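Structure data (mmCIF, C-alpha atoms) from final18.cif:
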```
data_model
loop_
_atom_site.label_atom_id
_atom_site.label_comp_id
_atom_site.auth_asym_id
_atom_site.auth_seq_id
_atom_site.Cartn_x
_atom_site.Cartn_y
_atom_site.Cartn_z
CA MET A 460 44.02 -20.55 -35.92
CA LYS A 461 40.68 -18.75 -35.99
CA LYS A 462 38.95 -21.71 -34.39
CA ARG A 463 41.50 -21.87 -31.60
CA LEU A 464 41.26 -18.11 -31.01
CA THR A 465 37.49 -18.25 -30.87
CA LEU A 466 37.62 -21.07 -28.37
CA THR A 467 40.15 -19.21 -26.24
CA LEU A 468 38.10 -16.02 -26.20
CA ALA A 469 34.95 -17.94 -25.37
CA THR A 470 36.72 -19.69 -22.50
CA LEU A 471 38.05 -16.36 -21.23
CA LEU A 472 34.56 -14.83 -21.38
CA VAL A 473 33.07 -17.67 -19.39
CA SER A 474 35.87 -17.34 -16.83
CA LEU A 475 35.28 -13.61 -16.44
CA MET A 476 31.52 -14.14 -16.00
CA SER A 477 32.27 -16.64 -13.27
CA LEU A 478 34.81 -14.31 -11.65
CA TYR A 479 32.42 -11.35 -11.43
CA GLY A 480 29.49 -13.43 -10.24
CA THR A 481 27.12 -12.92 -13.17
CA PRO A 482 24.17 -15.11 -12.15
CA THR A 483 22.73 -17.83 -14.31
CA THR A 484 19.00 -18.43 -14.31
CA GLN A 485 19.56 -21.94 -13.06
CA GLY A 486 21.71 -20.68 -10.17
CA VAL A 487 19.11 -18.17 -8.97
CA ARG A 488 16.36 -20.75 -9.12
CA GLN A 489 18.41 -23.31 -7.24
CA ARG A 490 19.14 -20.81 -4.47
CA LEU A 491 15.50 -19.74 -4.23
CA ALA A 492 14.38 -23.37 -3.99
CA ARG A 493 17.01 -24.05 -1.31
CA HIS A 494 15.89 -21.08 0.79
CA ILE A 495 12.24 -22.10 0.64
CA GLU A 496 12.93 -25.79 1.32
CA HIS A 497 14.87 -24.83 4.43
CA LEU A 498 12.57 -22.12 5.79
CA ALA A 499 9.36 -24.07 5.11
CA GLY A 500 10.85 -27.41 6.14
CA SER A 501 9.47 -29.55 8.92
CA ASP A 502 12.51 -28.95 11.14
CA LEU A 503 11.48 -25.32 11.69
CA MET A 504 7.97 -26.33 12.83
CA GLY A 505 6.12 -23.47 11.17
CA ARG A 506 8.40 -20.66 12.45
CA LYS A 507 5.96 -19.28 15.01
CA ALA A 508 7.40 -16.08 16.49
CA GLY A 509 9.33 -16.69 19.69
CA THR A 510 9.88 -20.42 19.09
CA GLU A 511 13.10 -22.28 18.39
CA GLY A 512 11.93 -22.78 14.80
CA ALA A 513 11.70 -19.03 14.26
CA GLN A 514 15.09 -18.50 15.87
CA ALA A 515 16.60 -21.14 13.58
CA ALA A 516 15.10 -19.28 10.60
CA ALA A 517 16.67 -16.06 11.87
CA ARG A 518 20.09 -17.74 12.09
CA TYR A 519 19.76 -18.95 8.52
CA ILE A 520 18.99 -15.42 7.30
CA VAL A 521 21.91 -14.00 9.30
CA ASP A 522 24.25 -16.49 7.62
CA GLU A 523 22.95 -15.53 4.17
CA PHE A 524 23.29 -11.79 4.82
CA ALA A 525 26.85 -12.27 6.05
CA LEU A 526 27.70 -14.53 3.09
CA HIS A 527 26.67 -11.84 0.63
CA GLY A 528 28.62 -9.08 2.34
CA LEU A 529 25.84 -7.11 4.03
CA ALA A 530 26.94 -5.27 7.15
CA PRO A 531 24.99 -5.49 10.42
CA PHE A 532 22.82 -2.44 11.06
CA ASP A 533 23.31 -0.20 14.11
CA SER A 534 25.21 -2.81 16.11
CA GLU A 535 27.69 -5.64 15.72
CA GLU A 536 24.82 -8.08 15.37
CA TYR A 537 22.33 -8.66 12.57
CA ALA A 538 19.63 -9.77 15.01
CA HIS A 539 17.67 -7.02 16.79
CA PRO A 540 15.65 -8.38 19.76
CA PHE A 541 12.41 -6.62 20.71
CA GLY A 542 9.35 -7.13 22.87
CA ARG A 543 8.92 -9.46 25.81
CA GLY A 544 9.09 -12.66 23.76
CA ASN A 545 12.05 -14.18 22.00
CA PHE A 546 11.40 -11.95 19.01
CA ARG A 547 14.10 -10.56 16.74
CA ASN A 548 14.28 -8.78 13.42
CA VAL A 549 17.26 -9.55 11.18
CA VAL A 550 18.67 -6.37 9.59
CA GLY A 551 21.54 -6.05 7.14
CA GLN A 552 22.67 -2.95 5.29
CA ILE A 553 24.62 -1.56 2.39
CA GLU A 554 25.67 1.86 3.63
CA GLY A 555 24.95 4.78 1.35
CA GLU A 556 26.56 8.10 0.61
CA VAL A 557 23.98 9.71 2.91
CA ALA A 558 24.31 7.16 5.68
CA ASP A 559 21.45 8.31 7.92
CA THR A 560 18.67 8.15 5.31
CA TYR A 561 17.19 4.79 4.43
CA ILE A 562 15.30 2.76 1.89
CA ILE A 563 13.91 -0.42 3.40
CA ILE A 564 13.08 -3.65 1.64
CA GLY A 565 11.61 -6.32 3.88
CA ALA A 566 9.70 -9.57 4.30
CA HIS A 567 8.48 -11.33 7.43
CA TYR A 568 9.98 -14.72 8.24
CA ASP A 569 7.62 -15.88 11.00
CA HIS A 570 4.51 -17.97 10.39
CA ILE A 571 1.87 -19.59 12.63
CA GLY A 572 3.55 -22.78 13.87
CA THR A 573 1.50 -25.95 14.31
CA ASN A 574 -2.15 -26.81 14.95
CA HIS A 575 -3.54 -28.61 17.98
CA ARG A 576 -2.76 -31.97 16.35
CA GLY A 577 0.86 -31.05 15.72
CA LYS A 578 0.42 -30.56 11.98
CA ILE A 579 2.84 -27.99 10.61
CA TYR A 580 1.83 -24.78 8.88
CA HIS A 581 4.83 -24.71 6.54
CA GLY A 582 4.25 -21.17 5.26
CA ALA A 583 6.08 -21.72 1.97
CA ASP A 584 4.39 -18.78 0.29
CA ASP A 585 3.55 -16.98 3.54
CA ASN A 586 6.25 -15.95 3.78
CA ALA A 587 9.24 -18.13 2.96
CA SER A 588 8.78 -16.91 -0.61
CA GLY A 589 9.22 -13.29 0.46
CA VAL A 590 12.28 -14.07 2.58
CA ALA A 591 13.87 -16.10 -0.22
CA ALA A 592 13.30 -13.16 -2.56
CA LEU A 593 14.74 -10.75 0.03
CA ILE A 594 17.94 -12.81 0.37
CA GLU A 595 18.38 -12.96 -3.40
CA VAL A 596 17.68 -9.24 -3.86
CA ALA A 597 20.35 -8.53 -1.23
CA ARG A 598 22.79 -10.84 -3.05
CA THR A 599 21.98 -9.30 -6.44
CA VAL A 600 22.50 -5.71 -5.28
CA ALA A 601 25.59 -6.47 -3.19
CA GLU A 602 27.35 -8.51 -5.87
CA SER A 603 26.57 -5.95 -8.57
CA GLY A 604 28.87 -3.47 -6.86
CA TYR A 605 26.10 -0.87 -6.72
CA GLU A 606 27.02 2.11 -4.54
CA PRO A 607 23.80 3.54 -3.08
CA HIS A 608 23.03 7.16 -2.31
CA HIS A 609 20.82 6.21 0.65
CA THR A 610 21.57 3.38 3.05
CA LEU A 611 19.74 0.25 1.92
CA LEU A 612 18.24 -1.81 4.75
CA PHE A 613 17.36 -5.45 4.11
CA VAL A 614 14.98 -6.53 6.88
CA ALA A 615 13.55 -9.93 7.75
CA PHE A 616 10.73 -9.07 10.13
CA ASP A 617 9.70 -11.28 13.03
CA ALA A 618 6.22 -11.40 14.62
CA GLU A 619 4.26 -10.15 11.62
CA GLU A 620 1.62 -12.73 12.49
CA GLU A 621 1.63 -11.29 16.04
CA TRP A 622 0.03 -7.94 15.14
CA LEU A 623 3.01 -6.62 13.10
CA LEU A 624 5.24 -6.32 16.17
CA GLY A 625 8.53 -6.62 14.27
CA SER A 626 7.87 -3.90 11.73
CA GLU A 627 6.43 -1.68 14.46
CA ALA A 628 9.64 -2.13 16.48
CA LEU A 629 11.86 -1.10 13.56
CA ALA A 630 9.64 1.83 12.61
CA LYS A 631 9.93 3.14 16.17
CA MET A 632 13.68 2.62 16.19
CA LEU A 633 14.42 4.78 13.14
CA PRO A 634 14.23 8.58 13.39
CA THR A 635 11.16 10.30 11.98
CA GLY A 636 11.85 11.54 8.46
CA SER A 637 14.87 9.32 7.88
CA ILE A 638 13.09 6.74 5.68
CA ARG A 639 12.68 7.58 1.99
CA ALA A 640 10.47 4.56 1.16
CA MET A 641 9.64 1.04 2.27
CA ILE A 642 9.15 -1.99 -0.02
CA ASN A 643 7.52 -5.11 1.40
CA MET A 644 7.31 -8.59 -0.11
CA ASP A 645 4.61 -10.82 1.36
CA MET A 646 3.41 -13.95 -0.47
CA VAL A 647 5.22 -13.50 -3.78
CA GLY A 648 5.62 -17.17 -4.74
CA ARG A 649 2.43 -17.98 -6.65
CA LEU A 650 2.79 -16.01 -9.91
CA GLU A 651 1.74 -19.06 -11.97
CA GLY A 652 0.91 -17.13 -15.13
CA GLY A 653 -0.86 -14.39 -13.20
CA ALA A 654 0.40 -10.96 -12.22
CA LEU A 655 2.44 -9.42 -9.45
CA SER A 656 0.46 -6.78 -7.59
CA VAL A 657 2.30 -3.61 -6.56
CA GLU A 658 0.11 -1.67 -4.16
CA GLY A 659 0.93 1.86 -3.06
CA VAL A 660 2.24 3.48 -6.27
CA GLY A 661 0.08 6.49 -5.37
CA THR A 662 2.37 7.22 -2.40
CA LEU A 663 5.28 8.18 -4.71
CA ALA A 664 5.25 10.57 -7.67
CA GLU A 665 6.09 9.01 -11.07
CA CYS A 666 6.09 5.57 -9.45
CA GLU A 667 3.37 4.12 -11.69
CA ASP A 668 5.42 4.66 -14.86
CA LEU A 669 8.59 3.45 -13.17
CA VAL A 670 7.00 0.20 -11.99
CA GLN A 671 5.38 -0.51 -15.35
CA GLY A 672 8.68 0.08 -17.16
CA LEU A 673 10.66 -2.20 -14.86
CA ALA A 674 8.03 -4.92 -15.14
CA ALA A 675 8.28 -4.78 -18.94
CA ASN A 676 12.07 -5.13 -18.70
CA HIS A 677 11.60 -8.37 -16.76
CA ASN A 678 8.68 -9.63 -18.85
CA LEU A 679 6.69 -9.64 -15.62
CA PRO A 680 2.89 -9.30 -15.74
CA ILE A 681 1.93 -6.65 -13.22
CA VAL A 682 -1.08 -4.93 -11.69
CA THR A 683 -0.58 -1.62 -9.92
CA LYS A 684 -2.85 -0.06 -7.32
CA PRO A 685 -2.52 3.52 -6.05
CA PHE A 686 -3.18 2.42 -2.47
CA GLU A 687 -3.55 -0.77 -0.50
CA GLN A 688 -7.11 -1.97 -0.94
CA GLY A 689 -7.36 -5.00 1.34
CA VAL A 690 -9.83 -4.59 4.23
CA LEU A 691 -9.28 -7.91 5.97
CA THR A 692 -5.50 -8.11 5.69
CA ALA A 693 -2.56 -6.31 7.22
CA THR A 694 1.12 -6.49 6.39
CA ASP A 695 4.42 -4.94 7.45
CA THR A 696 3.90 -1.76 5.44
CA GLU A 697 1.41 -0.55 8.06
CA PRO A 698 3.70 0.78 10.82
CA PHE A 699 5.60 2.78 8.21
CA ALA A 700 2.54 4.06 6.35
CA LYS A 701 0.94 5.36 9.53
CA ARG A 702 4.10 7.45 9.99
CA SER A 703 3.48 8.99 6.54
CA ILE A 704 6.26 6.98 4.87
CA PRO A 705 5.65 5.91 1.24
CA THR A 706 5.18 2.15 0.99
CA LEU A 707 5.03 -0.37 -1.84
CA ALA A 708 3.51 -3.79 -1.12
CA LEU A 709 4.49 -6.59 -3.52
CA THR A 710 2.37 -9.75 -3.60
CA THR A 711 1.09 -12.41 -5.96
CA GLY A 712 -2.04 -12.51 -3.83
CA PRO A 713 -3.96 -14.76 -1.44
CA HIS A 714 -4.93 -18.33 -2.34
CA LYS A 715 -6.72 -21.37 -0.93
CA ASP A 716 -3.59 -22.60 0.89
CA MET A 717 -3.07 -19.38 2.86
CA HIS A 718 -2.68 -20.15 6.59
CA LYS A 719 -3.23 -23.85 5.94
CA ILE A 720 -0.92 -26.83 6.30
CA SER A 721 -1.10 -27.21 2.50
CA ASP A 722 1.10 -24.11 1.90
CA THR A 723 4.10 -26.27 0.98
CA PRO A 724 7.34 -25.71 -1.01
CA GLU A 725 6.43 -27.73 -4.12
CA LYS A 726 3.61 -25.27 -4.88
CA ILE A 727 5.95 -22.31 -5.28
CA ASP A 728 6.46 -21.00 -8.81
CA ILE A 729 10.26 -20.72 -8.73
CA GLY A 730 10.50 -19.22 -12.20
CA GLY A 731 7.96 -16.55 -11.32
CA LEU A 732 9.76 -15.85 -8.04
CA GLU A 733 12.99 -15.31 -9.98
CA GLN A 734 11.21 -12.63 -12.04
CA VAL A 735 10.05 -10.96 -8.83
CA VAL A 736 13.64 -10.91 -7.53
CA GLY A 737 14.98 -9.18 -10.63
CA PHE A 738 12.15 -6.65 -10.60
CA ALA A 739 12.51 -5.90 -6.87
CA ALA A 740 16.28 -5.42 -7.12
CA ASP A 741 15.88 -2.91 -9.95
CA LEU A 742 13.01 -1.18 -8.11
CA LEU A 743 15.19 -0.78 -5.01
CA ARG A 744 18.02 0.81 -7.01
CA GLU A 745 15.64 3.12 -8.89
CA LEU A 746 14.05 4.37 -5.67
CA ASP A 747 17.54 5.07 -4.38
CA HIS A 748 18.95 7.15 -7.23
CA ASN A 749 15.94 8.47 -9.18
CA SER A 750 15.34 12.01 -7.91
CA GLN A 751 11.96 12.17 -9.68
CA ILE A 752 10.48 9.56 -7.34
CA VAL A 753 9.35 11.69 -4.40
CA PRO A 754 6.57 11.30 -1.81
CA THR A 755 3.12 12.50 -2.87
CA GLY A 756 2.06 13.16 0.72
CA ARG A 757 -0.47 10.32 0.63
CA VAL A 758 -0.18 6.96 2.36
CA ALA A 759 -1.70 3.56 1.75
CA ARG A 760 -5.47 3.87 2.11
CA LYS A 761 -6.08 1.19 4.70
CA HIS A 762 -3.54 2.71 7.09
CA GLN A 763 -4.63 5.51 9.38
CA SER A 764 -2.56 7.82 11.53
CA ASP A 765 -3.78 11.04 13.15
CA ILE A 766 -6.56 11.77 10.68
CA LEU A 767 -10.13 13.05 10.47
CA THR A 768 -12.46 10.47 8.92
CA PHE A 769 -16.08 10.55 7.80
CA GLY A 770 -18.39 7.59 7.33
CA LEU A 771 -21.94 6.29 7.35
CA SER A 772 -23.30 4.44 10.35
CA ALA A 773 -26.44 2.39 10.88
CA GLY A 774 -27.75 0.47 13.85
CA VAL A 775 -30.69 -1.60 15.01
CA GLY A 776 -31.57 -2.79 18.48
CA SER A 777 -34.17 -2.61 21.22
CA SER A 778 -35.62 0.25 23.22
CA ALA A 779 -37.54 0.51 26.49
CA HIS A 780 -38.94 3.52 28.34
CA LEU A 781 -38.81 2.72 32.04
CA HIS A 782 -41.39 4.28 34.35
CA PRO A 783 -41.73 3.68 38.10
CA THR A 784 -45.51 3.12 38.09
CA VAL A 785 -46.40 2.00 34.58
CA ALA A 786 -45.52 -1.39 33.08
CA THR A 787 -43.50 -1.14 29.88
CA SER A 788 -42.43 -3.47 27.07
CA VAL A 789 -39.50 -3.42 24.65
CA GLY A 790 -39.77 -2.00 21.14
CA LEU A 791 -37.56 -1.43 18.13
CA ALA A 792 -34.73 1.12 17.98
CA THR A 793 -33.13 2.25 14.71
CA ASN A 794 -30.38 4.73 13.98
CA ILE A 795 -28.74 5.96 10.77
CA GLY A 796 -26.50 8.90 10.02
CA LEU A 797 -23.07 10.40 9.52
CA SER A 798 -20.16 9.72 11.89
CA VAL A 799 -17.05 11.86 12.23
CA GLN A 800 -13.91 10.62 14.00
CA TYR A 801 -10.52 12.03 14.81
CA ILE A 802 -8.29 8.94 15.00
CA SER A 803 -4.91 8.69 16.70
CA SER A 804 -2.84 5.60 17.46
CA TYR A 805 -4.56 4.47 20.66
CA TRP A 806 -7.60 6.71 21.00
CA ALA A 807 -10.24 8.46 18.93
CA LEU A 808 -12.86 11.17 19.39
CA ARG A 809 -16.23 10.51 17.73
CA THR A 810 -19.31 12.59 17.03
CA GLY A 811 -21.88 12.74 14.24
CA LEU A 812 -25.42 13.51 13.19
CA HIS A 813 -27.97 10.68 13.32
CA TYR A 814 -31.66 10.16 12.70
CA ASP A 815 -32.83 8.21 15.75
CA ARG A 816 -36.14 6.39 16.32
CA ARG A 817 -37.07 4.53 19.50
CA GLU A 818 -40.31 2.67 20.16
CA SER A 819 -41.78 1.04 23.28
CA TYR A 820 -45.16 0.25 24.76
CA SER A 821 -46.73 0.71 28.17
CA LEU A 822 -49.81 -0.81 29.75
CA ALA A 823 -52.15 1.70 31.42
CA ASN A 824 -55.48 0.19 32.52
CA ASN A 825 -54.51 -2.88 30.46
CA ILE A 826 -54.53 -0.80 27.28
CA PRO A 827 -51.27 -0.78 25.26
CA GLN A 828 -49.97 2.74 24.72
CA PRO A 829 -47.20 3.23 22.15
CA HIS A 830 -44.32 5.53 22.98
CA THR A 831 -42.19 6.78 20.08
CA ARG A 832 -39.25 9.12 20.19
CA GLU A 833 -37.69 10.26 16.92
CA GLY A 834 -35.45 13.08 15.91
CA VAL A 835 -31.82 14.06 15.61
CA LEU A 836 -29.27 12.53 17.96
CA ILE A 837 -25.73 13.91 18.39
CA PRO A 838 -23.23 11.68 20.24
CA LEU A 839 -19.87 12.73 21.68
CA GLU A 840 -17.70 9.78 22.64
CA ILE A 841 -14.09 8.91 23.40
CA LEU A 842 -12.70 5.62 22.10
CA VAL A 843 -9.74 3.75 23.57
CA LYS A 844 -8.36 1.24 21.04
CA THR A 845 -5.56 -1.02 19.98
CA ASP A 846 -3.39 0.06 17.06
CA GLY A 847 -3.28 -1.42 13.55
CA ALA A 848 -5.54 -2.19 10.59
CA ILE A 849 -7.56 -4.47 12.89
CA ASN A 850 -8.30 -3.17 16.36
CA ILE A 851 -10.55 -3.61 19.38
CA PHE A 852 -12.02 -0.51 20.97
CA ALA A 853 -14.17 0.59 23.89
CA SER A 854 -16.26 3.77 23.81
CA ALA A 855 -17.82 5.98 26.46
CA GLY A 856 -19.49 9.36 26.36
CA GLY A 857 -22.81 11.10 26.12
CA TRP A 858 -25.53 12.19 23.70
CA VAL A 859 -28.19 14.81 23.20
CA ALA A 860 -31.38 14.51 21.09
CA PHE A 861 -33.71 17.04 19.44
CA PRO A 862 -36.40 18.39 18.90
CA ARG A 863 -37.69 16.91 22.17
CA VAL A 864 -34.65 17.69 24.27
CA GLU A 865 -33.18 14.61 25.89
CA TRP A 866 -29.70 13.62 26.93
CA GLY A 867 -27.91 10.68 28.41
CA ALA A 868 -24.81 8.51 28.66
CA SER A 869 -23.50 5.79 26.36
CA TRP A 870 -20.84 3.08 26.32
CA GLY A 871 -19.90 0.33 23.93
CA LEU A 872 -17.42 -2.29 22.74
CA GLY A 873 -16.46 -2.97 19.14
CA CYS A 874 -13.98 -4.12 16.52
CA ARG A 875 -12.63 -2.27 13.48
CA ILE A 876 -11.36 -4.16 10.41
CA GLY A 877 -9.91 -1.67 7.96
CA PRO A 878 -12.62 0.94 7.35
CA LEU A 879 -15.46 -1.22 8.75
CA SER A 880 -16.55 -1.11 12.39
CA ILE A 881 -18.95 -3.37 14.26
CA GLU A 882 -19.99 -2.17 17.70
CA GLY A 883 -22.50 -2.87 20.42
CA VAL A 884 -23.66 0.35 22.11
CA SER A 885 -25.84 0.89 25.17
CA ARG A 886 -27.50 4.32 25.54
CA HIS A 887 -29.27 5.40 28.71
CA GLY A 888 -31.40 8.49 29.01
CA LEU A 889 -30.75 10.78 31.97
CA THR A 890 -33.37 13.44 31.21
CA PRO A 891 -35.45 14.24 34.35
CA THR A 892 -39.04 12.94 34.22
CA LYS A 893 -41.57 15.74 34.04
CA PRO A 894 -44.86 15.36 35.98
CA THR A 895 -47.97 14.74 33.83
#
```
Written as C-alpha cells, that's how I'd like the structure from this file.
Amino acid sequence: MKKRLTLTLATLLVSLMSLYGTPTTQGVRQRLARHIEHLAGSDLMGRKAGTEGAQAAARYIVDEFALHGLAPFDSEEYAHPFGRGNFRNVVGQIEGEVADTYIIIGAHYDHIGTNHRGKIYHGADDNASGVAALIEVARTVAESGYEPHHTLLFVAFDAEEEWLLGSEALAKMLPTGSIRAMINMDMVGRLEGGALSVEGVGTLAECEDLVQGLAANHNLPIVTKPFEQGVLTATDTEPFAKRSIPTLALTTGPHKDMHKISDTPEKIDIGGLEQVVGFAADLLRELDHNSQIVPTGRVARKHQSDILTFGLSAGVGSSAHLHPTVATSVGLATNIGLSVQYISSYWALRTGLHYDRRESYSLANNIPQPHTREGVLIPLEILVKTDGAINIFASAGGWVAFPRVEWGASWGLGCRIGPLSIEGVSRHGLTPTKPT
C-alpha cells in the first residue's frame, strides 16, 4: 500500500510540474540550441539589417513572443518599422501595474550578412546568443505568472550593426523619464568557464550587491564594472544612456571569431547560456519590484550626452611663414595642452589652453634665417558631428596666440572613438604684417 501511494504521489507531482510549465534543464537547453541554429543558420544569410534574412529572423522572434503570451507593444503588431530601409524592431510586453513606465530588456538580432565571396557571417554569438536568451527570459517570466509593477518590454533590436539605429528609434519613441532601466544582452554565448560581465552597475544604487547575490544563486561566475569601459565598441545601451537612463550591459566578451565567418552555432556554450537566462530573468524581476534599486544620476562612461568634458591634446605637423618677398621653407610645429568641450548630440563647442611652437626658415641673401613663434594659443571652434560612441566631425573657428599677439582661422576633420579623437587641423594666421 505504501509503495503504491508513493508511486501515485510521485506521478501526481510530475503531472503538476508538467501542467504548470516548470522547466527542465534539458528543455531550456534544447530551446536555446534551436533558437541559435535557426537564427545563425545559412538560410538567413547573416541577417544583415534590411535584407530578407533579417526579416525572416524578425518573423521567428514574433512567433516566439506570441507563443509565450507576450502582447504587442503600442500597436497590434510586434514589428515596429523605422528608418528608410526595411528595418524593424520586434517589441513584446508584459503590462505592469503602472503601465506607462518601463523596464527594457533587449538584444539585437541583425548581423553583417555575407562577404564579397558570398561567405556567411553566421553571428551565432553576435548576437543570436543574445536573442535566444531574450526569448527564453520572456518565456520564463511570462510562464512564471509574475505580475510586474512596471511594464516589461522585451525588445529584439534591428540595425545595431548600422550605427545603433534600432535602439535609437525606440529610445526616441518612448517619453523622456518613462524608462526605469535598460538591460542589454550582446554576445552572451561564450561563458566557457569564464565570467559574465555586467557593466553599468554604477548607474543604479545597490545594484552591485544585487547582481553579485543573483549570480551566486545561479552559480554564475561574474565580473561587475561600474561603467562601460570599452573604447572601440558600441552597443544598444548607448541611445538610452545618453538620455540619462540607467543601463546594464551583459556580455561574455569579445573573442577571435567576432565578426568572422567562424562565429558558428557549435561554438556556443549552451549550458553557460542557460545560466545567463536564469540570471537575467531574476535581474529583470528585481529591477521591477525592488524599490532600493534607484538611479544614481550617472550613466555609462563611454556614453556622452550634453556634457562638459576636459582632456589632454597633443599635435605635431609642419609650419611655414609666408612672405611676399622672402623665400621660406617649412619647419616643425608642435602643440600640447588642455582641451575643453561642451558636447551635444550633433555639435560641440571647443576651446582650451595650449603651448604652441612653430618653426620655419627664410633665405635672405642666401643665408638661412630661423623664424620661431612660441607661446600660448587659445582656440575657439565649433564642431559638427555624427552621434554615437564613434563619430566623424568637422571643425571650424579661430585662434589667438600670446605673448606676441597673433590671430587666425582654423578648420579640420577628425574621428572620435569613445574618449579618443584623431584630427587633422589647418591653422592660418591672419595677423597684419608690420613693416620692418
Separating atom CA of Ala868 of chain A from atom CA of Pro891 of chain A, to the nearest tenth of an Å, is a gap of 13.4 Å
At what distance in Å, to one decimal, does atom CA of Leu679 of chain A lie from atom CA of Glu745 of chain A?
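About the pair atom CA of Glu745 of chain A and atom CA of Leu679 of chain A: they are 17.0 Å apart.
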Quote the spacing between atom CA of Gln552 of chain A and atom CA of Glu627 of chain A in Å to one decimal place.
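Going from atom CA of Gln552 of chain A over to atom CA of Glu627 of chain A, I get 18.7 Å.
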Using the chain letters and numbers from the file, give me the residues hit by the PyMOL selection byres ((chain A and resi 734) around 12), as an NGL selection string.
:A and (484 or 487-488 or 491 or 592 or 595-596 or 647-652 or 654-655 or 673-681 or 711 or 728-733 or 735-741)
Looking at A:Ala566, A:Met632, A:Val884, A:Leu593, which one is nearest to Ala773 of chain A, with distances taken over only C-alpha atoms?
A:Val884
Surrounding residues of segment 665-669 of chain A excluding itself and chain neighbours under 2 positions, 8 Å, all atoms listed in the file, as a list in words
Val660, Gly661, Leu663, Gln671, Gly672, Leu673, Thr683, Gln751, Ile752 and Val753 of chain A
With distances taken over only C-alpha atoms, which residue among A:Asn574, A:Asn586, A:Thr694, A:Thr560 lies nearest Ile642 of chain A?
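Closest to Ile642 of chain A of all the choices is A:Thr694.
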Please expand the PyMOL selection byres ((chain A and resi 724) around 10) into the concrete residues it hits in this file, giving the result as a ChimeraX atom specification.
/A:492-500,581-584,587-588,648,721-723,725-729
Just to be explicit: take each residue in the selection above, keep C-alpha atoms, and write the result as a PDB file, in the coordinates of the input.
```pdb
ATOM      1  CA  ALA A 492      14.380 -23.370  -3.990  1.00  0.00           C
ATOM      2  CA  ARG A 493      17.010 -24.050  -1.310  1.00  0.00           C
ATOM      3  CA  HIS A 494      15.890 -21.080   0.790  1.00  0.00           C
ATOM      4  CA  ILE A 495      12.240 -22.100   0.640  1.00  0.00           C
ATOM      5  CA  GLU A 496      12.930 -25.790   1.320  1.00  0.00           C
ATOM      6  CA  HIS A 497      14.870 -24.830   4.430  1.00  0.00           C
ATOM      7  CA  LEU A 498      12.570 -22.120   5.790  1.00  0.00           C
ATOM      8  CA  ALA A 499       9.360 -24.070   5.110  1.00  0.00           C
ATOM      9  CA  GLY A 500      10.850 -27.410   6.140  1.00  0.00           C
ATOM     10  CA  HIS A 581       4.830 -24.710   6.540  1.00  0.00           C
ATOM     11  CA  GLY A 582       4.250 -21.170   5.260  1.00  0.00           C
ATOM     12  CA  ALA A 583       6.080 -21.720   1.970  1.00  0.00           C
ATOM     13  CA  ASP A 584       4.390 -18.780   0.290  1.00  0.00           C
ATOM     14  CA  ALA A 587       9.240 -18.130   2.960  1.00  0.00           C
ATOM     15  CA  SER A 588       8.780 -16.910  -0.610  1.00  0.00           C
ATOM     16  CA  GLY A 648       5.620 -17.170  -4.740  1.00  0.00           C
ATOM     17  CA  SER A 721      -1.100 -27.210   2.500  1.00  0.00           C
ATOM     18  CA  ASP A 722       1.100 -24.110   1.900  1.00  0.00           C
ATOM     19  CA  THR A 723       4.100 -26.270   0.980  1.00  0.00           C
ATOM     20  CA  GLU A 725       6.430 -27.730  -4.120  1.00  0.00           C
ATOM     21  CA  LYS A 726       3.610 -25.270  -4.880  1.00  0.00           C
ATOM     22  CA  ILE A 727       5.950 -22.310  -5.280  1.00  0.00           C
ATOM     23  CA  ASP A 728       6.460 -21.000  -8.810  1.00  0.00           C
ATOM     24  CA  ILE A 729      10.260 -20.720  -8.730  1.00  0.00           C
TER      25      ILE A 729
END
```
Best match for closeness to Ala855 of chain A among A:Leu612, A:Ser880, A:Arg886, A:Glu833, counting only C-alpha atoms:
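The closest residue to Ala855 of chain A is A:Arg886.
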Given the file above and the PyMOL selection byres ((chain A and resi 610) around 10), which residues are selected, and can you give them as a list in words?
Phe532, Gln552, Ile553, Glu554, Gly555, Glu556, Val557, Ala558, Asp559, Thr560, Tyr561, Ile562, Ile563, Glu606, Pro607, His608, His609, Leu611, Leu612, Phe613, Ile638, Arg639 and Asp747 of chain A
Residues near segment 509-520 of chain A, anyone? I mean within 8 Å using all atoms listed in the file, not counting same-chain ones fewer than 3 positions away, as a ChimeraX atom specification.
/A:498,502-506,523-524,538,544-549,568-569,594,615,618
Restricting the calculation to only C-alpha atoms: of A:Arg809, A:Lys631, A:Arg863, A:Lys701, which residue gets closest to Leu767 of chain A?
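Among A:Arg809, A:Lys631, A:Arg863, A:Lys701, it is A:Arg809 that comes nearest to Leu767 of chain A.
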Report as a ChimeraX atom specification all protein, DNA and RNA residues lying within 9 Å of Glu818 of chain A, evaluated on all atoms listed in the file, omitting residues in the same chain fewer than 5 positions from it.
/A:777-780,789-792,829-833
Residue nearest Leu707 of chain A among A:Leu812, A:Phe769, A:Gly565, A:Ala597 (counting only C-alpha atoms)
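Once distances to Leu707 of chain A are computed over only C-alpha atoms, the minimum belongs to A:Gly565.
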Min atom-atom distance to Gly770 of chain A from the set A:Ile795, A:Ala700, A:Ala601, A:Leu742, counting only C-alpha atoms, belongs to A:Ile795
